[in-house]
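K.L.:
This is the structure, below, for whatever I ask next.
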Amino acid sequence: MRSLVGASRDDDDDDEDEAPPRPKRKRAKASRAKPKKSRGKRRRSGRFVSRWKEAMHSAAMRMALWGVLLALFFAATAVAGLFSGGHVAAAVAAAKTEANQLMADAGFTVQNVTLEGRAETAKKEIVRMLGIKRGDLMLYVDVDEARARLEALPWVQTAEVRRVWPNRIHVRIVERKPVALWQKDGAVSVVDIDGKPIPGEDPARFASLPLIVGNGAEDQLGGLLALMKTQPNLKSRLKAAVRVGERRWNLRLANGVEVRLPEEGAEAALAELERLEREDAILSRDIKAIDLRFPDRFIVKVPPNSPLISPAKHAGGRET
């Protein structure tokens, strides 16, 4: 019995010696698990709210886009209706008419046209080509087009047309200057310094101008006139100039004397001729031509039976 009881007690003692599980720790574990459950709930709730916000934002954007598209559609329909019905064109025309009337009332209309530089061109031709009349609105005067029309006139080399506010148009033209008569294929034309003919002009009006003849004469006219300008006395006597071989000039003076200039050194040759005229009055003598093509000498051609020719003395015998 004892042994049973003792064993029983011993068993009890052993049970007492073993450490039982601590309830505090169990409560601690339970208490730690509770926050995990609350945080999971908050996370799920936050994700739900976020998805709801995104869905609402996306819906709002779609609604806004559709609203803009509808507004553009109705605006385009309204504008198309205005244009097709002529309302816009009528409104623009009315506004333009009102603006024009305001400019006219303010005095911005053409009341005067002044002209400068005219000599050969008829005034009525200038007025016709300008195409500008009294009362035209200054703003609408196309000065570039008017200038182009003026420069199409035969005598006009350059033209300038400008507005002088509030009511004046000023026109300045530079006319071409006739400097020579050009003969080609039997026809004679009045030409300017560039050798360009002035259409419609009667050469008889300009009979005092020198005549130029020969292939390429019109292209070299400017050079010829510059050459003659170096000797004004000879220039005033020039009657005609013939271009020879498209290389050089033969001059015909008013008294009929022909001056043959070299291809190179023509200016020096003219200076020598001027010296001979000044010292010996060679051009006033009975000669037909003077050849200046050689730098070391000149050759004079005289007419038959000229007193400058000494009679030949025969030494006897028969003439051959």
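FYI, nothing fancy with the structure tokens labels: chains A, B, ... in order, residues from 1 per chain, ligands from 1 as they appear.
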Which residues are near A:Arg128? Cut-off 12 Å, only C-alpha atoms, ignore same chain within fewer than 6 positions. Put them as a PyMOL selection string.

P.N.:
chain A and resi 121-122+146+149-150+153

K.L.:
Run DSSP on the backbone of this structure and report the residues of stretch 72-240 of chain A it assigns to helix (DSSP H, G or I), as a VMD selection string.

P.N.:
chain A and resid 72 to 84 87 to 105 123 to 130 138 to 140 143 to 150 203 to 206 221 to 229 232 to 235

K.L.:
Go ahead and write the selection's residues with C-alpha atoms as a PDB file, in the first residue's frame.

P.N.:
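What landed in out.pdb:
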```pdb
ATOM      1  CA  LEU A  72     -15.935  70.173 -80.752  1.00  0.00           C
ATOM      2  CA  PHE A  73     -18.495  68.367 -82.853  1.00  0.00           C
ATOM      3  CA  PHE A  74     -21.218  70.906 -82.070  1.00  0.00           C
ATOM      4  CA  ALA A  75     -18.791  73.830 -82.596  1.00  0.00           C
ATOM      5  CA  ALA A  76     -17.705  72.465 -85.998  1.00  0.00           C
ATOM      6  CA  THR A  77     -21.312  71.924 -86.977  1.00  0.00           C
ATOM      7  CA  ALA A  78     -22.179  75.481 -85.996  1.00  0.00           C
ATOM      8  CA  VAL A  79     -19.222  76.985 -87.917  1.00  0.00           C
ATOM      9  CA  ALA A  80     -19.995  74.907 -90.999  1.00  0.00           C
ATOM     10  CA  GLY A  81     -23.552  76.104 -90.850  1.00  0.00           C
ATOM     11  CA  LEU A  82     -22.420  79.725 -90.663  1.00  0.00           C
ATOM     12  CA  PHE A  83     -20.107  79.384 -93.667  1.00  0.00           C
ATOM     13  CA  SER A  84     -22.530  77.397 -95.764  1.00  0.00           C
ATOM     14  CA  HIS A  87     -23.279  84.445 -92.622  1.00  0.00           C
ATOM     15  CA  VAL A  88     -19.509  84.627 -92.068  1.00  0.00           C
ATOM     16  CA  ALA A  89     -18.828  86.050 -95.548  1.00  0.00           C
ATOM     17  CA  ALA A  90     -21.530  88.636 -95.025  1.00  0.00           C
ATOM     18  CA  ALA A  91     -20.109  89.572 -91.626  1.00  0.00           C
ATOM     19  CA  VAL A  92     -16.574  89.914 -93.036  1.00  0.00           C
ATOM     20  CA  ALA A  93     -17.810  92.010 -95.976  1.00  0.00           C
ATOM     21  CA  ALA A  94     -19.754  94.265 -93.644  1.00  0.00           C
ATOM     22  CA  ALA A  95     -16.711  94.711 -91.387  1.00  0.00           C
ATOM     23  CA  LYS A  96     -14.497  95.506 -94.392  1.00  0.00           C
ATOM     24  CA  THR A  97     -16.975  98.046 -95.715  1.00  0.00           C
ATOM     25  CA  GLU A  98     -17.153  99.704 -92.327  1.00  0.00           C
ATOM     26  CA  ALA A  99     -13.345  99.817 -92.060  1.00  0.00           C
ATOM     27  CA  ASN A 100     -13.040 101.308 -95.550  1.00  0.00           C
ATOM     28  CA  GLN A 101     -15.582 103.967 -94.691  1.00  0.00           C
ATOM     29  CA  LEU A 102     -13.684 104.824 -91.528  1.00  0.00           C
ATOM     30  CA  MET A 103     -10.427 105.231 -93.517  1.00  0.00           C
ATOM     31  CA  ALA A 104     -12.192 107.378 -96.112  1.00  0.00           C
ATOM     32  CA  ASP A 105     -13.719 109.552 -93.393  1.00  0.00           C
ATOM     33  CA  LYS A 123       2.126 112.152-118.957  1.00  0.00           C
ATOM     34  CA  LYS A 124      -1.090 110.452-120.045  1.00  0.00           C
ATOM     35  CA  GLU A 125       0.836 107.194-120.515  1.00  0.00           C
ATOM     36  CA  ILE A 126       2.169 107.419-116.984  1.00  0.00           C
ATOM     37  CA  VAL A 127      -1.315 108.046-115.587  1.00  0.00           C
ATOM     38  CA  ARG A 128      -2.714 105.134-117.581  1.00  0.00           C
ATOM     39  CA  MET A 129      -0.020 102.705-116.466  1.00  0.00           C
ATOM     40  CA  LEU A 130      -0.254 103.783-112.838  1.00  0.00           C
ATOM     41  CA  MET A 138      -4.232 104.704 -99.778  1.00  0.00           C
ATOM     42  CA  LEU A 139      -3.943 101.345 -98.035  1.00  0.00           C
ATOM     43  CA  TYR A 140      -5.066  99.445-101.136  1.00  0.00           C
ATOM     44  CA  VAL A 143       2.842 100.403-105.311  1.00  0.00           C
ATOM     45  CA  ASP A 144       4.902  97.396-106.477  1.00  0.00           C
ATOM     46  CA  GLU A 145       2.471  96.539-109.254  1.00  0.00           C
ATOM     47  CA  ALA A 146       2.277 100.190-110.326  1.00  0.00           C
ATOM     48  CA  ARG A 147       6.083 100.375-110.467  1.00  0.00           C
ATOM     49  CA  ALA A 148       6.256  97.251-112.650  1.00  0.00           C
ATOM     50  CA  ARG A 149       3.709  98.711-115.063  1.00  0.00           C
ATOM     51  CA  LEU A 150       5.651 101.959-115.369  1.00  0.00           C
ATOM     52  CA  PRO A 203      15.617 108.083-135.568  1.00  0.00           C
ATOM     53  CA  ALA A 204      15.139 111.350-137.476  1.00  0.00           C
ATOM     54  CA  ARG A 205      14.510 113.081-134.113  1.00  0.00           C
ATOM     55  CA  PHE A 206      18.013 112.113-133.029  1.00  0.00           C
ATOM     56  CA  LEU A 221      28.821 101.060-127.382  1.00  0.00           C
ATOM     57  CA  GLY A 222      29.490 101.868-123.729  1.00  0.00           C
ATOM     58  CA  GLY A 223      33.215 101.240-124.176  1.00  0.00           C
ATOM     59  CA  LEU A 224      33.321 103.425-127.296  1.00  0.00           C
ATOM     60  CA  LEU A 225      31.647 106.346-125.546  1.00  0.00           C
ATOM     61  CA  ALA A 226      33.989 105.997-122.560  1.00  0.00           C
ATOM     62  CA  LEU A 227      36.930 106.060-124.971  1.00  0.00           C
ATOM     63  CA  MET A 228      35.696 109.172-126.766  1.00  0.00           C
ATOM     64  CA  LYS A 229      35.083 110.878-123.432  1.00  0.00           C
ATOM     65  CA  PRO A 232      36.163 115.761-125.792  1.00  0.00           C
ATOM     66  CA  ASN A 233      37.342 117.670-128.876  1.00  0.00           C
ATOM     67  CA  LEU A 234      37.286 114.509-130.977  1.00  0.00           C
ATOM     68  CA  LYS A 235      34.064 113.309-129.400  1.00  0.00           C
TER      69      LYS A 235
END
```

K.L.:
Between atom CA of A:Ile193 and atom CA of A:Glu264, what is the distance, to one decimal in Å?

P.N.:
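Computed distance, atom CA of A:Ile193 to atom CA of A:Glu264, equals 22.4 Å.
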
K.L.:
Identify all residues of stretch 87-288 of chain A in strand (DSSP E) (DSSP on the backbone) and supply them as a PyMOL selection string.

P.N.:
chain A and resi 112-116+156-164+168-175+180-184+187-191+211-213+238-244+248-253+258-260

K.L.:
Using C-alpha atoms, can you export the residues from the last selection as a compact mmCIF listing (two decimals), in the first residue's frame?

P.N.:
```
# COMPACT_ATOMS: atom_id res chain seq x y z
CA ASN A 112 -2.82 113.99 -105.38
CA VAL A 113 -0.18 112.26 -107.52
CA THR A 114 3.21 113.98 -107.93
CA LEU A 115 5.63 113.08 -110.74
CA GLU A 116 9.39 113.51 -110.98
CA VAL A 156 11.32 104.26 -118.48
CA GLN A 157 14.47 102.60 -117.17
CA THR A 158 13.53 102.51 -113.48
CA ALA A 159 10.53 103.73 -111.50
CA GLU A 160 9.63 104.32 -107.86
CA VAL A 161 6.09 104.59 -106.54
CA ARG A 162 5.51 105.34 -102.84
CA ARG A 163 2.77 106.45 -100.51
CA VAL A 164 3.09 109.82 -98.80
CA ARG A 168 -0.46 111.60 -101.76
CA ILE A 169 1.26 109.20 -104.19
CA HIS A 170 4.75 110.19 -105.36
CA VAL A 171 6.16 108.80 -108.62
CA ARG A 172 9.81 109.11 -109.61
CA ILE A 173 11.07 107.74 -112.93
CA VAL A 174 14.52 107.55 -114.50
CA GLU A 175 14.28 107.59 -118.27
CA ALA A 180 23.45 106.65 -130.53
CA LEU A 181 21.71 105.35 -133.62
CA TRP A 182 22.28 101.67 -134.37
CA GLN A 183 22.09 100.40 -137.92
CA LYS A 184 21.54 96.70 -138.47
CA ALA A 187 17.16 99.36 -140.14
CA VAL A 188 18.13 102.18 -137.79
CA SER A 189 17.13 102.26 -134.11
CA VAL A 190 17.63 104.69 -131.27
CA VAL A 191 19.66 102.97 -128.53
CA LEU A 211 25.70 106.16 -135.91
CA ILE A 212 27.19 102.78 -134.99
CA VAL A 213 27.47 99.91 -137.46
CA LEU A 238 32.31 112.00 -134.16
CA LYS A 239 29.72 111.21 -136.83
CA ALA A 240 29.83 107.42 -137.04
CA ALA A 241 31.74 104.40 -135.76
CA VAL A 242 32.18 101.08 -137.52
CA ARG A 243 33.01 97.95 -135.57
CA VAL A 244 35.61 96.00 -137.56
CA ARG A 248 38.35 97.43 -133.09
CA TRP A 249 36.76 100.69 -134.32
CA ASN A 250 37.00 102.90 -137.38
CA LEU A 251 35.75 106.40 -136.62
CA ARG A 252 34.13 108.69 -139.15
CA LEU A 253 34.44 112.40 -138.24
CA GLU A 258 38.26 108.27 -141.26
CA VAL A 259 40.32 107.42 -138.15
CA ARG A 260 41.45 103.81 -137.89
```

K.L.:
Could you state the separation of atom CA of A:Pro154 and atom CA of A:Asp194 in Å, given to one decimal place?

P.N.:
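Interatomic distance here is 14.2 Å.
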
K.L.:
Using only C-alpha atoms, which residues sit within 9 Å of stretch 270-273 of chain A once same-chain residues fewer than 3 positions away are excluded, as a list in words?

P.N.:
Leu227, Met228, Thr230, Gln231, Leu234, Val259, Leu261, Gly265, Ala266, Glu267, Leu276, Glu277, Arg278, Ile282, Leu283, Ile290 and Leu292 of chain A

K.L.:
Just the number, please: distance in Å from atom CA of A:Val257 to atom CA of A:Asp291, one decimal.

P.N.:
10.6 Å
